[in-house]
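Text of the file structure_20.csv, holding CSV, C-alpha atoms:
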chain,number,residue,atom,x,y,z
A,1,MET,CA,13.1,-4.7,2.4
A,2,THR,CA,14.7,-7.7,0.6
A,3,THR,CA,12.8,-8.7,-2.6
A,4,PRO,CA,13.5,-11.3,-5.2
A,5,TRP,CA,14.9,-8.5,-7.3
A,6,GLY,CA,17.2,-6.9,-4.7
A,7,GLU,CA,17.1,-4.6,-1.7
A,8,VAL,CA,14.6,-1.7,-1.6
A,9,ALA,CA,15.1,1.2,0.9
A,10,LEU,CA,11.7,2.3,2.2
A,11,THR,CA,10.4,4.9,4.7
A,12,ARG,CA,7.1,6.1,6.0
A,13,PHE,CA,5.9,9.6,5.5
A,14,PRO,CA,6.7,12.1,6.9
A,15,GLU,CA,10.1,10.6,7.3
A,16,ASP,CA,11.4,10.7,10.9
A,17,PRO,CA,14.8,9.2,11.9
A,18,ARG,CA,13.3,8.3,15.3
A,19,GLU,CA,10.5,6.2,13.7
A,20,THR,CA,10.7,2.6,14.8
A,21,LEU,CA,7.8,1.3,12.6
A,22,ARG,CA,8.8,-0.1,9.2
A,23,ALA,CA,7.3,0.9,5.9
A,24,TRP,CA,6.6,-2.8,5.0
A,25,ASP,CA,5.8,-6.0,6.8
A,26,ALA,CA,6.1,-9.8,6.2
A,27,SER,CA,3.0,-9.9,4.1
A,28,ASP,CA,4.5,-7.5,1.5
A,29,ALA,CA,7.6,-9.7,1.3
A,30,TYR,CA,5.6,-12.9,1.1
A,31,LEU,CA,3.5,-11.5,-1.8
A,32,LEU,CA,6.6,-10.5,-3.7
A,33,ARG,CA,8.2,-13.9,-3.2
A,34,HIS,CA,5.1,-15.6,-4.5
A,35,LEU,CA,5.0,-13.4,-7.6
A,36,ALA,CA,8.7,-14.3,-8.3
A,37,THR,CA,8.7,-18.0,-7.6
A,38,ARG,CA,5.2,-19.3,-8.4
A,39,ASP,CA,5.3,-18.6,-12.2
A,40,VAL,CA,2.8,-15.7,-11.9
A,41,PRO,CA,4.8,-12.7,-13.1
A,42,PRO,CA,2.9,-9.4,-13.3
A,43,THR,CA,1.6,-8.9,-16.8
A,44,GLY,CA,-0.8,-6.5,-18.5
A,45,THR,CA,-2.5,-3.9,-16.3
A,46,VAL,CA,-1.3,-4.4,-12.7
A,47,VAL,CA,-3.3,-2.8,-9.9
A,48,VAL,CA,-2.1,-2.7,-6.3
A,49,LEU,CA,-4.9,-1.9,-3.9
A,50,GLY,CA,-4.1,-0.6,-0.4
A,51,ASP,CA,-0.3,-0.5,-0.7
A,52,ARG,CA,0.3,1.2,2.7
A,53,TRP,CA,3.7,2.9,2.1
A,54,GLY,CA,4.5,2.0,-1.5
A,55,ALA,CA,6.5,-1.1,-0.8
A,56,LEU,CA,4.8,-3.2,-3.4
A,57,VAL,CA,4.6,-0.7,-6.3
A,58,THR,CA,8.2,0.3,-5.6
A,59,ALA,CA,9.4,-3.3,-5.9
A,60,LEU,CA,7.2,-3.8,-9.0
A,61,ALA,CA,7.8,-0.5,-10.7
A,62,ALA,CA,9.3,-2.2,-13.8
A,63,HIS,CA,5.8,-3.5,-14.5
A,64,ARG,CA,4.3,0.0,-14.4
A,65,PRO,CA,1.6,-0.7,-11.9
A,66,THR,CA,-1.3,1.4,-10.7
A,67,GLN,CA,-1.6,2.1,-7.0
A,68,ILE,CA,-5.0,2.8,-5.4
A,69,THR,CA,-4.9,4.1,-1.9
A,70,ASP,CA,-7.1,5.9,0.6
A,71,SER,CA,-4.1,7.5,2.4
A,72,TRP,CA,-2.5,10.8,1.5
A,73,LEU,CA,0.4,10.0,3.7
A,74,GLY,CA,0.8,6.6,2.0
A,75,ARG,CA,0.7,8.2,-1.4
A,76,GLU,CA,3.4,10.7,-0.4
A,77,ALA,CA,5.5,7.8,1.1
A,78,THR,CA,5.1,6.1,-2.3
A,79,ARG,CA,6.4,9.1,-4.2
A,80,ALA,CA,9.4,9.4,-1.9
A,81,ASN,CA,10.2,5.7,-2.0
A,82,LEU,CA,9.9,5.6,-5.8
A,83,ALA,CA,12.3,8.6,-6.1
A,84,ARG,CA,14.7,7.0,-3.7
A,85,ALA,CA,14.7,3.9,-5.8
A,86,GLY,CA,15.4,5.9,-9.0
A,87,VAL,CA,12.1,5.1,-10.6
A,88,GLU,CA,11.2,7.4,-13.5
A,89,THR,CA,8.3,9.8,-13.0
A,90,GLY,CA,5.1,8.3,-14.4
A,91,ALA,CA,6.2,4.7,-14.1
A,92,VAL,CA,3.7,4.1,-11.4
A,93,ARG,CA,0.1,5.5,-11.7
A,94,LEU,CA,-1.2,6.9,-8.4
A,95,LEU,CA,-4.9,6.8,-7.9
A,96,THR,CA,-7.1,7.4,-4.8
A,97,THR,CA,-10.0,5.3,-3.6
A,98,GLN,CA,-12.2,8.2,-4.9
A,99,ASP,CA,-10.9,8.2,-8.4
A,100,PRO,CA,-12.6,6.2,-11.3
A,101,PRO,CA,-10.9,2.7,-11.3
A,102,PRO,CA,-9.1,1.3,-14.4
A,103,GLU,CA,-11.3,-0.1,-17.1
A,104,ARG,CA,-9.4,-3.4,-17.3
A,105,ILE,CA,-7.3,-5.2,-14.7
A,106,ASP,CA,-5.1,-8.2,-15.6
A,107,MET,CA,-3.5,-8.6,-12.1
A,108,LEU,CA,-5.0,-7.3,-8.9
A,109,LEU,CA,-2.8,-7.3,-5.8
A,110,VAL,CA,-4.7,-6.5,-2.6
A,111,ARG,CA,-3.0,-5.4,0.7
A,112,VAL,CA,-5.9,-6.4,3.0
A,113,PRO,CA,-7.0,-3.2,4.9
A,114,LYS,CA,-8.0,-3.0,8.5
A,115,SER,CA,-11.5,-1.9,7.4
A,116,LEU,CA,-13.6,-4.7,6.0
A,117,ALA,CA,-16.0,-2.0,4.7
A,118,LEU,CA,-13.3,-0.3,2.7
A,119,LEU,CA,-12.3,-3.7,1.2
A,120,GLU,CA,-16.0,-4.4,0.3
A,121,ASP,CA,-16.3,-1.0,-1.4
A,122,GLN,CA,-13.1,-1.2,-3.3
A,123,LEU,CA,-13.7,-4.8,-4.5
A,124,LEU,CA,-17.2,-3.8,-5.7
A,125,ARG,CA,-15.7,-0.8,-7.6
A,126,LEU,CA,-12.9,-2.9,-9.2
A,127,ALA,CA,-14.8,-6.1,-9.9
A,128,PRO,CA,-16.3,-4.9,-13.3
A,129,ALA,CA,-12.7,-4.4,-14.6
A,130,LEU,CA,-11.7,-8.1,-13.8
A,131,HIS,CA,-12.0,-10.9,-16.3
A,132,ALA,CA,-11.8,-14.7,-16.1
A,133,ASP,CA,-8.0,-14.7,-16.5
A,134,THR,CA,-7.3,-11.9,-14.0
A,135,VAL,CA,-4.8,-13.0,-11.3
A,136,VAL,CA,-6.1,-11.9,-7.9
A,137,VAL,CA,-3.8,-12.2,-4.9
A,138,GLY,CA,-4.4,-10.7,-1.5
A,139,ALA,CA,-1.8,-10.3,1.3
A,140,GLY,CA,-2.0,-9.6,5.0
A,141,MET,CA,-0.8,-10.6,8.4
A,142,VAL,CA,-2.6,-13.6,9.9
A,143,LYS,CA,-4.4,-11.4,12.4
A,144,GLU,CA,-5.8,-9.3,9.6
A,145,ILE,CA,-7.3,-12.0,7.5
A,146,HIS,CA,-10.5,-13.5,8.9
A,147,THR,CA,-13.3,-15.8,7.7
A,148,SER,CA,-15.3,-12.6,6.9
A,149,THR,CA,-12.4,-11.4,4.7
A,150,LEU,CA,-12.4,-14.6,2.7
A,151,ARG,CA,-16.2,-14.5,2.4
A,152,LEU,CA,-16.0,-11.0,1.0
A,153,PHE,CA,-13.6,-12.0,-1.7
A,154,GLU,CA,-15.7,-15.0,-2.6
A,155,ARG,CA,-19.0,-13.0,-2.6
A,156,ILE,CA,-17.7,-10.2,-4.9
A,157,ILE,CA,-15.0,-11.9,-7.0
A,158,GLY,CA,-15.2,-15.7,-7.0
A,159,PRO,CA,-13.8,-18.9,-5.4
A,160,THR,CA,-11.2,-18.1,-2.7
A,161,ARG,CA,-8.5,-20.0,-0.9
A,162,THR,CA,-5.6,-19.1,1.4
A,163,SER,CA,-1.9,-20.1,1.6
A,164,LEU,CA,0.0,-21.5,4.5
A,165,ALA,CA,1.2,-18.9,6.9
A,166,GLU,CA,4.8,-17.7,6.7
A,167,GLN,CA,6.3,-15.3,9.3
A,168,LYS,CA,2.7,-14.7,10.5
A,169,ALA,CA,1.6,-13.6,7.0
A,170,ARG,CA,-0.8,-15.2,4.7
A,171,LEU,CA,-1.9,-14.9,1.0
A,172,VAL,CA,-5.4,-15.0,-0.4
A,173,PHE,CA,-6.0,-16.5,-3.9
A,174,CYS,CA,-9.2,-15.6,-5.7
A,175,THR,CA,-10.4,-16.8,-9.1
A,176,PRO,CA,-12.7,-14.3,-10.8
A,177,ASP,CA,-16.1,-15.6,-11.8
A,178,PRO,CA,-17.6,-13.4,-14.6
A,179,SER,CA,-21.0,-15.0,-14.1
A,180,LEU,CA,-21.2,-14.0,-10.4
A,181,ARG,CA,-24.1,-11.8,-9.4
A,182,ARG,CA,-22.5,-9.2,-7.2
A,183,PRO,CA,-24.4,-7.3,-4.4
A,184,ARG,CA,-25.2,-3.6,-4.7
A,185,ASN,CA,-22.5,-1.4,-3.2
A,186,PRO,CA,-23.9,-0.1,0.1
A,187,TRP,CA,-21.4,2.7,0.3
A,188,PRO,CA,-21.6,5.6,1.0
A,189,TYR,CA,-23.9,5.0,4.0
A,190,THR,CA,-26.1,7.6,5.6
A,191,TYR,CA,-27.7,7.6,9.0
A,192,ASP,CA,-29.5,10.3,11.0
A,193,LEU,CA,-28.2,11.5,14.3
A,194,PRO,CA,-30.0,10.2,17.4
A,195,ASP,CA,-32.3,12.3,19.6
A,196,ASP,CA,-29.9,12.5,22.5
A,197,VAL,CA,-27.1,14.4,20.8
A,198,GLY,CA,-28.7,17.7,21.8
A,199,GLY,CA,-29.0,21.1,20.2
A,200,ALA,CA,-30.2,21.3,16.6
A,201,LEU,CA,-28.5,18.0,15.7
A,202,PRO,CA,-31.1,15.3,16.3
A,203,GLY,CA,-32.2,13.9,12.9
A,204,ARG,CA,-29.4,15.5,11.0
A,205,PRO,CA,-27.9,13.3,8.3
A,206,VAL,CA,-24.3,12.0,8.5
A,207,VAL,CA,-22.7,10.6,5.3
A,208,ASN,CA,-20.0,8.0,5.5
A,209,HIS,CA,-17.8,6.6,2.7
A,210,ALA,CA,-16.4,3.1,3.4
A,211,GLY,CA,-13.4,3.0,5.7
A,212,VAL,CA,-14.3,6.1,7.8
A,213,PHE,CA,-14.1,5.4,11.5
A,214,CYS,CA,-17.4,4.2,13.0
A,215,ALA,CA,-19.2,4.6,9.7
A,216,GLU,CA,-22.5,2.9,10.6
A,217,ARG,CA,-23.2,4.9,13.8
A,218,LEU,CA,-22.2,7.8,15.9
A,219,ASP,CA,-19.2,6.8,18.0
A,220,ILE,CA,-19.3,7.5,21.7
A,221,GLY,CA,-16.2,9.8,21.7
A,222,THR,CA,-17.7,12.1,19.1
A,223,ARG,CA,-21.1,12.0,20.8
A,224,PHE,CA,-19.4,13.2,24.0
A,225,PHE,CA,-17.5,15.9,22.1
A,226,LEU,CA,-20.7,17.2,20.4
A,227,ARG,CA,-22.1,18.0,23.8
A,228,HIS,CA,-19.1,20.2,24.8
A,229,LEU,CA,-18.1,22.1,21.6
A,230,PRO,CA,-16.9,25.7,22.0
A,231,GLY,CA,-19.1,28.6,20.9
A,232,THR,CA,-17.6,30.3,17.8
A,233,ALA,CA,-19.8,33.4,17.4
A,234,GLY,CA,-18.0,36.1,15.5
A,235,GLY,CA,-17.2,34.4,12.2
A,236,ARG,CA,-13.9,32.9,13.3
A,237,ARG,CA,-11.8,30.5,11.3
A,238,VAL,CA,-12.3,26.9,12.7
A,239,VAL,CA,-10.5,23.7,11.7
A,240,ASP,CA,-12.0,20.2,12.0
A,241,LEU,CA,-8.6,18.4,12.2
A,242,GLY,CA,-8.8,14.7,11.4
A,243,CYS,CA,-12.4,15.4,10.3
A,244,GLY,CA,-13.6,11.9,9.6
A,245,ASN,CA,-17.2,12.2,8.4
A,246,GLY,CA,-17.2,15.9,9.3
A,247,ILE,CA,-20.0,15.9,11.8
A,248,VAL,CA,-18.1,17.9,14.4
A,249,GLY,CA,-17.3,20.8,12.0
A,250,THR,CA,-20.8,20.6,10.5
A,251,ALA,CA,-22.2,21.0,14.0
A,252,VAL,CA,-20.1,24.1,14.5
A,253,SER,CA,-21.3,25.5,11.2
A,254,LEU,CA,-24.9,24.9,12.0
A,255,ALA,CA,-24.5,26.7,15.3
A,256,ASP,CA,-22.6,29.6,13.7
A,257,PRO,CA,-23.0,29.9,9.9
A,258,ALA,CA,-20.6,32.8,9.9
A,259,ALA,CA,-17.7,30.5,10.9
A,260,GLU,CA,-15.2,29.8,8.2
A,261,MET,CA,-14.6,26.1,8.3
A,262,LEU,CA,-11.7,24.0,7.2
A,263,PHE,CA,-12.2,20.2,7.1
A,264,THR,CA,-8.9,18.3,6.8
A,265,ASP,CA,-7.9,14.6,7.0
A,266,GLU,CA,-5.3,12.4,5.5
A,267,SER,CA,-8.0,10.0,4.3
A,268,PHE,CA,-9.6,10.6,0.9
A,269,GLN,CA,-12.6,8.7,2.0
A,270,ALA,CA,-12.9,10.9,5.1
A,271,VAL,CA,-12.7,14.2,3.3
A,272,ALA,CA,-15.3,13.0,0.8
A,273,SER,CA,-17.6,12.0,3.7
A,274,ALA,CA,-17.1,15.4,5.4
A,275,GLU,CA,-18.0,17.3,2.3
A,276,ALA,CA,-21.1,15.1,1.7
A,277,THR,CA,-22.2,15.5,5.3
A,278,TYR,CA,-21.8,19.3,5.2
A,279,LYS,CA,-23.7,19.5,1.9
A,280,ALA,CA,-26.5,17.1,3.1
A,281,ASN,CA,-27.2,19.5,6.0
A,282,GLY,CA,-27.6,22.5,3.8
A,283,VAL,CA,-25.2,24.7,5.8
A,284,PRO,CA,-25.1,28.2,4.4
A,285,GLY,CA,-21.6,29.0,5.6
A,286,GLN,CA,-18.1,28.9,4.0
A,287,ALA,CA,-16.1,25.6,4.1
A,288,GLU,CA,-13.0,24.2,2.5
A,289,PHE,CA,-12.2,20.5,2.3
A,290,ARG,CA,-8.6,19.5,2.2
A,291,VAL,CA,-6.8,16.1,2.0
A,292,GLY,CA,-3.3,16.3,3.5
A,293,ASP,CA,-1.0,15.9,6.5
A,294,GLY,CA,-2.9,17.7,9.3
A,295,LEU,CA,-2.4,21.4,9.2
A,296,ALA,CA,0.5,21.4,6.8
A,297,GLY,CA,0.0,24.2,4.3
A,298,VAL,CA,-2.1,26.3,6.7
A,299,ALA,CA,-0.4,29.6,7.5
A,300,ASP,CA,1.1,30.3,10.9
A,301,GLY,CA,-1.2,32.2,13.2
A,302,SER,CA,-4.2,32.1,10.8
A,303,VAL,CA,-6.7,29.9,12.8
A,304,ASP,CA,-8.9,30.7,15.8
A,305,VAL,CA,-10.1,27.3,16.9
A,306,VAL,CA,-8.9,23.7,16.1
A,307,LEU,CA,-11.2,20.8,17.0
A,308,ASN,CA,-9.5,17.4,17.1
A,309,ASN,CA,-10.2,13.8,17.9
A,310,PRO,CA,-6.8,12.3,17.1
A,311,PRO,CA,-6.3,8.6,16.1
A,312,PHE,CA,-4.0,6.5,18.2
A,313,HIS,CA,-3.4,3.7,15.6
A,314,SER,CA,-1.4,3.6,12.5
A,315,HIS,CA,-2.9,0.5,10.7
A,316,GLN,CA,-2.4,-2.2,13.4
A,317,ALA,CA,0.2,-0.4,15.4
A,318,THR,CA,-0.6,1.8,18.5
A,319,THR,CA,1.3,5.1,18.3
A,320,ASP,CA,1.0,8.7,19.6
A,321,ALA,CA,3.1,10.1,16.7
A,322,THR,CA,0.0,11.2,14.8
A,323,ALA,CA,-1.4,13.0,17.8
A,324,TRP,CA,1.9,14.7,18.5
A,325,ARG,CA,2.0,16.0,14.9
A,326,MET,CA,-1.6,17.2,15.1
A,327,PHE,CA,-1.0,19.1,18.4
A,328,ALA,CA,2.2,20.7,17.2
A,329,GLY,CA,0.6,21.7,13.9
A,330,ALA,CA,-2.3,23.2,15.7
A,331,ARG,CA,0.0,25.3,18.0
A,332,ARG,CA,1.7,26.7,14.9
A,333,ALA,CA,-1.4,27.4,13.0
A,334,LEU,CA,-3.4,29.0,15.9
A,335,ARG,CA,-3.2,32.7,16.4
A,336,PRO,CA,-2.1,33.9,19.8
A,337,GLY,CA,-5.0,33.3,22.1
A,338,GLY,CA,-6.4,30.7,19.7
A,339,GLU,CA,-7.8,27.4,21.2
A,340,LEU,CA,-7.2,23.7,20.5
A,341,TRP,CA,-10.1,21.5,21.7
A,342,VAL,CA,-9.3,17.8,22.0
A,343,VAL,CA,-11.4,14.8,22.8
A,344,GLY,CA,-9.8,11.5,23.7
A,345,ASN,CA,-9.8,8.4,25.9
A,346,ARG,CA,-8.7,9.4,29.4
A,347,HIS,CA,-6.0,6.8,29.6
A,348,LEU,CA,-4.1,8.3,26.6
A,349,GLY,CA,-2.9,11.2,28.8
A,350,TYR,CA,-3.2,13.9,26.1
A,351,HIS,CA,-3.1,16.6,28.9
A,352,VAL,CA,0.6,15.9,29.4
A,353,LYS,CA,1.5,16.5,25.8
A,354,LEU,CA,-0.7,19.6,25.6
A,355,LYS,CA,0.9,21.1,28.7
A,356,ARG,CA,4.3,20.6,27.2
A,357,LEU,CA,3.3,22.2,23.9
A,358,PHE,CA,1.1,25.0,25.2
A,359,GLY,CA,2.3,25.5,28.8
A,360,ALA,CA,-1.2,24.8,30.2
A,361,CYS,CA,-4.2,22.6,29.6
A,362,GLU,CA,-7.8,22.8,30.9
A,363,THR,CA,-10.2,20.0,31.4
A,364,VAL,CA,-13.5,21.1,29.9
A,365,ALA,CA,-15.5,17.9,30.6
A,366,ALA,CA,-14.9,14.3,31.5
A,367,ASP,CA,-16.7,11.1,32.2
A,368,ARG,CA,-15.4,7.6,33.0
A,369,LYS,CA,-14.0,7.0,29.5
A,370,PHE,CA,-13.5,10.4,27.7
A,371,VAL,CA,-12.1,13.8,28.4
A,372,VAL,CA,-12.4,17.1,26.5
A,373,LEU,CA,-9.3,19.3,26.8
A,374,ARG,CA,-8.7,22.9,25.9
A,375,ALA,CA,-5.3,24.4,25.3
A,376,VAL,CA,-4.7,28.1,24.4
A,377,ARG,CA,-1.7,29.3,22.4
A,378,PRO,CA,0.1,31.9,24.6
A,379,GLU,CA,-0.2,35.5,23.6

Now, as a test, write the supplied structure out as structure tokens.
Amino acid sequence: MTTPWGEVALTRFPEDPRETLRAWDASDAYLLRHLATRDVPPTGTVVVLGDRWGALVTALAAHRPTQITDSWLGREATRANLARAGVETGAVRLLTTQDPPPERIDMLLVRVPKSLALLEDQLLRLAPALHADTVVVGAGMVKEIHTSTLRLFERIIGPTRTSLAEQKARLVFCTPDPSLRRPRNPWPYTYDLPDDVGGALPGRPVVNHAGVFCAERLDIGTRFFLRHLPGTAGGRRVVDLGCGNGIVGTAVSLADPAAEMLFTDESFQAVASAEATYKANGVPGQAEFRVGDGLAGVADGSVDVVLNNPPFHSHQATTDATAWRMFAGARRALRPGGELWVVGNRHLGYHVKLKRLFGACETVAADRKFVVLRAVRPE
């Protein structure tokens, strides 16, 4: 990426030489140009919210910024990009969306997220640290910034305007209003499962932190999966891979309290949601909650069942790379005879990938939109 201060070499995480998606986009470059040419150099406590792969904090490392991210993968990409740029350890403070925010912010740079709920939650968390002279600048591609985005900035921080578009990117300028009466933060949000989910699940609470997929209601893919979950009697080790709000793993634990559950996701918001959902349901079993890259760190051949509803987007890009990593990680972590259960849209063709990895794949259930697949690691 070309910045006003020179070239910066950036990669996503995990680094893959075949990766065609960049670790930055035109909105990152636009924001940096603005900071360099519009007489608003970063000063004081600089906070960068939602920096996807560390492009912004790497370019601004000399100003010792603080990064706040929901993505474990994004944080690891930031570490790698900072090291590649020769930035000293500790020059950039790395926080998650679950960590207490800084007490004072003099410059807030916001990479507008895909989730409006996550933006709302984070702006409400950060707003008390702003003051009348805080410089607030948002950045995103034109397709990511909507009227609702601008209204959110205005409702939580103060008067808001936008820049002209450059290379399909746009900036958001917001002036903090200390007298503004901010709304109550509605996150985390809890709803009860509907009556048609079956089993012992109707009326059970589901807790969602902002940014978790389909946080205000049960999505139809998960609803379908809940009707076709495998039995796990016998106290087996089960992984809810890409756990989201954790309702799939919690449902297994309710049906079999002897099951040893592992909830894992790369989103800090998701794992916090899964833990809150599990605890809200008073499950008496054993559970571990881990933020990370899929099943990395899980020992080979140590898992009996993996349950997975893989994402097929990376921010705005459609990709099957995440699903491939999840499936390959599951095959490695499963014991011989262990099972991977996957739900997905029929058109994604996950059965083809699973047959290549496992040698065979069985369709457990299907309707016009979704399919539940079962793959067994060969003995």

Which residues are near A:Gly198? Cut-off 10 Å, only C-alpha atoms, ignore same chain within fewer than 6 positions. Put them as a ChimeraX atom specification.
/A:223,226-227

How far is it from atom CA of A:Tyr278 to atom CA of A:Ile247, in Å with one decimal?
7.6 Å

Show me a table, sorted first by chain and then by increasing residue number, of the residues of stretch 67-98 of chain A having an atom at most 10 Å from stretch 267-275 of chain A, each with its shortest atom pair and the distance in Å to one decimal, counting all atoms listed in the file and written as JSON lines.
{"residue": "A:Thr69", "atom": "CA", "partner": "A:Phe268", "partner_atom": "CA", "distance": 8.5}
{"residue": "A:Asp70", "atom": "CA", "partner": "A:Phe268", "partner_atom": "CA", "distance": 5.3}
{"residue": "A:Ser71", "atom": "CA", "partner": "A:Ser267", "partner_atom": "CA", "distance": 5.0}
{"residue": "A:Trp72", "atom": "CA", "partner": "A:Ser267", "partner_atom": "CA", "distance": 6.2}
{"residue": "A:Leu73", "atom": "CA", "partner": "A:Ser267", "partner_atom": "CA", "distance": 8.4}
{"residue": "A:Gly74", "atom": "CA", "partner": "A:Ser267", "partner_atom": "CA", "distance": 9.7}
{"residue": "A:Thr96", "atom": "CA", "partner": "A:Phe268", "partner_atom": "CA", "distance": 7.0}
{"residue": "A:Thr97", "atom": "CA", "partner": "A:Phe268", "partner_atom": "CA", "distance": 7.0}
{"residue": "A:Gln98", "atom": "CA", "partner": "A:Phe268", "partner_atom": "CA", "distance": 6.8}

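Residues in contact with A:Thr43 at 9 Å, where all atoms listed in the file are counted and same-chain residues fewer than 3 positions away are skipped, are listed as A:Val40, A:Val46, A:His63, A:Asp106, A:Met107.
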
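The shortest atom-to-atom distance to A:Val137, with only C-alpha atoms taken into account, belongs to A:Leu35 out of A:Ile68, A:Leu35, A:Ala77, A:Leu60.
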
Nearest to A:Gly221, restricted to all atoms listed in the file and choosing among A:Val291, A:Ala61, A:Val248, A:Ala91, comes out as A:Val248

Pull the neighbourhood of (1.6, -12.9, 6.1) for me: all residues within 7 Å in file coordinates, counting all atoms listed in the file, as a short mmCIF file (atom, residue, chain, number, x, y, z; two decimals) with C-alpha atoms, in the coordinates of the input.
data_model
loop_
_atom_site.label_atom_id
_atom_site.label_comp_id
_atom_site.auth_asym_id
_atom_site.auth_seq_id
_atom_site.Cartn_x
_atom_site.Cartn_y
_atom_site.Cartn_z
CA ALA A 26 6.10 -9.80 6.20
CA SER A 27 3.00 -9.90 4.10
CA TYR A 30 5.60 -12.90 1.10
CA ALA A 139 -1.80 -10.30 1.30
CA GLY A 140 -2.00 -9.60 5.00
CA MET A 141 -0.80 -10.60 8.40
CA VAL A 142 -2.60 -13.60 9.90
CA ALA A 165 1.20 -18.90 6.90
CA GLU A 166 4.80 -17.70 6.70
CA GLN A 167 6.30 -15.30 9.30
CA LYS A 168 2.70 -14.70 10.50
CA ALA A 169 1.60 -13.60 7.00
CA ARG A 170 -0.80 -15.20 4.70
CA LEU A 171 -1.90 -14.90 1.00
#

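The shortest atom-to-atom distance to A:Ile220, with only C-alpha atoms taken into account, belongs to A:Asp367 out of A:Glu103, A:Glu288, A:Asp367, A:Asp240.
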
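Atom CA of A:Trp324 lies 9.1 Å from atom CA of A:Pro310.
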
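Pairwise distance (atom CA of A:Pro113, atom CA of A:Gly138) equals 10.2 Å.
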
Polymer residues at most 7 Å from A:Asp265, only C-alpha atoms, same-chain spacing of 3 or more positions, as a PyMOL selection string:
chain A and resi 241-244+270-271+290-292+294

Proximity to A:Pro41 - best of A:Val372, A:Ala85, A:Leu109, A:Leu334, all atoms listed in the file:
A:Leu109

12 Å contact set for A:Phe153, all atoms listed in the file, chain neighbours under 6 positions out, as a list of chain:residue names:
A:Val110, A:Val112, A:Leu116, A:Leu119, A:Glu120, A:Asp121, A:Gln122, A:Leu123, A:Leu124, A:Leu126, A:Ala127, A:Val136, A:Val137, A:Gly138, A:Ile145, A:His146, A:Thr147, A:Pro159, A:Thr160, A:Arg161, A:Thr162, A:Val172, A:Phe173, A:Cys174, A:Thr175, A:Pro176, A:Asp177, A:Leu180, A:Arg182

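Proximity ranking of A:Arg325, A:Arg64, A:His228, A:Arg33 relative to A:Gly90 places A:Arg64 first, based on all atoms listed in the file.
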
Polymer residues at most 8 Å from A:Gln286, only C-alpha atoms, same-chain spacing of 6 or more positions, as a VMD selection string
chain A and resid 257 to 261

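The smallest atom-to-atom distance between A:Val92 and any of A:Ile105, A:Ala287, A:Val57, A:Ala333, using all atoms listed in the file, is found for A:Val57.
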
Using the atoms already present, construct N, CA and C atoms for stretch 327-338 of chain A and hand them back as a PDB file, keeping the file's coordinate frame.
ATOM      1  N   PHE A 327      -1.094  18.040  17.321  1.00  0.00           N
ATOM      2  CA  PHE A 327      -1.000  19.100  18.400  1.00  0.00           C
ATOM      3  C   PHE A 327       0.003  20.143  18.026  1.00  0.00           C
ATOM      4  N   ALA A 328       1.171  19.701  17.541  1.00  0.00           N
ATOM      5  CA  ALA A 328       2.200  20.700  17.200  1.00  0.00           C
ATOM      6  C   ALA A 328       1.775  21.525  16.005  1.00  0.00           C
ATOM      7  N   GLY A 329       1.110  20.916  15.035  1.00  0.00           N
ATOM      8  CA  GLY A 329       0.600  21.700  13.900  1.00  0.00           C
ATOM      9  C   GLY A 329      -0.442  22.685  14.303  1.00  0.00           C
ATOM     10  N   ALA A 330      -1.287  22.295  15.259  1.00  0.00           N
ATOM     11  CA  ALA A 330      -2.300  23.200  15.700  1.00  0.00           C
ATOM     12  C   ALA A 330      -1.695  24.411  16.457  1.00  0.00           C
ATOM     13  N   ARG A 331      -0.684  24.169  17.273  1.00  0.00           N
ATOM     14  CA  ARG A 331       0.000  25.300  18.000  1.00  0.00           C
ATOM     15  C   ARG A 331       0.545  26.277  16.990  1.00  0.00           C
ATOM     16  N   ARG A 332       1.153  25.779  15.934  1.00  0.00           N
ATOM     17  CA  ARG A 332       1.700  26.700  14.900  1.00  0.00           C
ATOM     18  C   ARG A 332       0.674  27.442  14.159  1.00  0.00           C
ATOM     19  N   ALA A 333      -0.420  26.784  13.804  1.00  0.00           N
ATOM     20  CA  ALA A 333      -1.400  27.400  13.000  1.00  0.00           C
ATOM     21  C   ALA A 333      -2.353  28.363  13.748  1.00  0.00           C
ATOM     22  N   LEU A 334      -2.476  28.159  15.064  1.00  0.00           N
ATOM     23  CA  LEU A 334      -3.400  29.000  15.900  1.00  0.00           C
ATOM     24  C   LEU A 334      -2.750  30.400  16.046  1.00  0.00           C
ATOM     25  N   ARG A 335      -3.614  31.391  16.040  1.00  0.00           N
ATOM     26  CA  ARG A 335      -3.200  32.700  16.400  1.00  0.00           C
ATOM     27  C   ARG A 335      -2.935  32.791  17.895  1.00  0.00           C
ATOM     28  N   PRO A 336      -2.174  33.772  18.388  1.00  0.00           N
ATOM     29  CA  PRO A 336      -2.100  33.900  19.800  1.00  0.00           C
ATOM     30  C   PRO A 336      -3.437  34.090  20.472  1.00  0.00           C
ATOM     31  N   GLY A 337      -3.723  33.296  21.474  1.00  0.00           N
ATOM     32  CA  GLY A 337      -5.000  33.300  22.100  1.00  0.00           C
ATOM     33  C   GLY A 337      -5.998  32.298  21.463  1.00  0.00           C
ATOM     34  N   GLY A 338      -5.585  31.678  20.330  1.00  0.00           N
ATOM     35  CA  GLY A 338      -6.400  30.700  19.700  1.00  0.00           C
ATOM     36  C   GLY A 338      -6.460  29.386  20.505  1.00  0.00           C
TER      37      GLY A 338
END
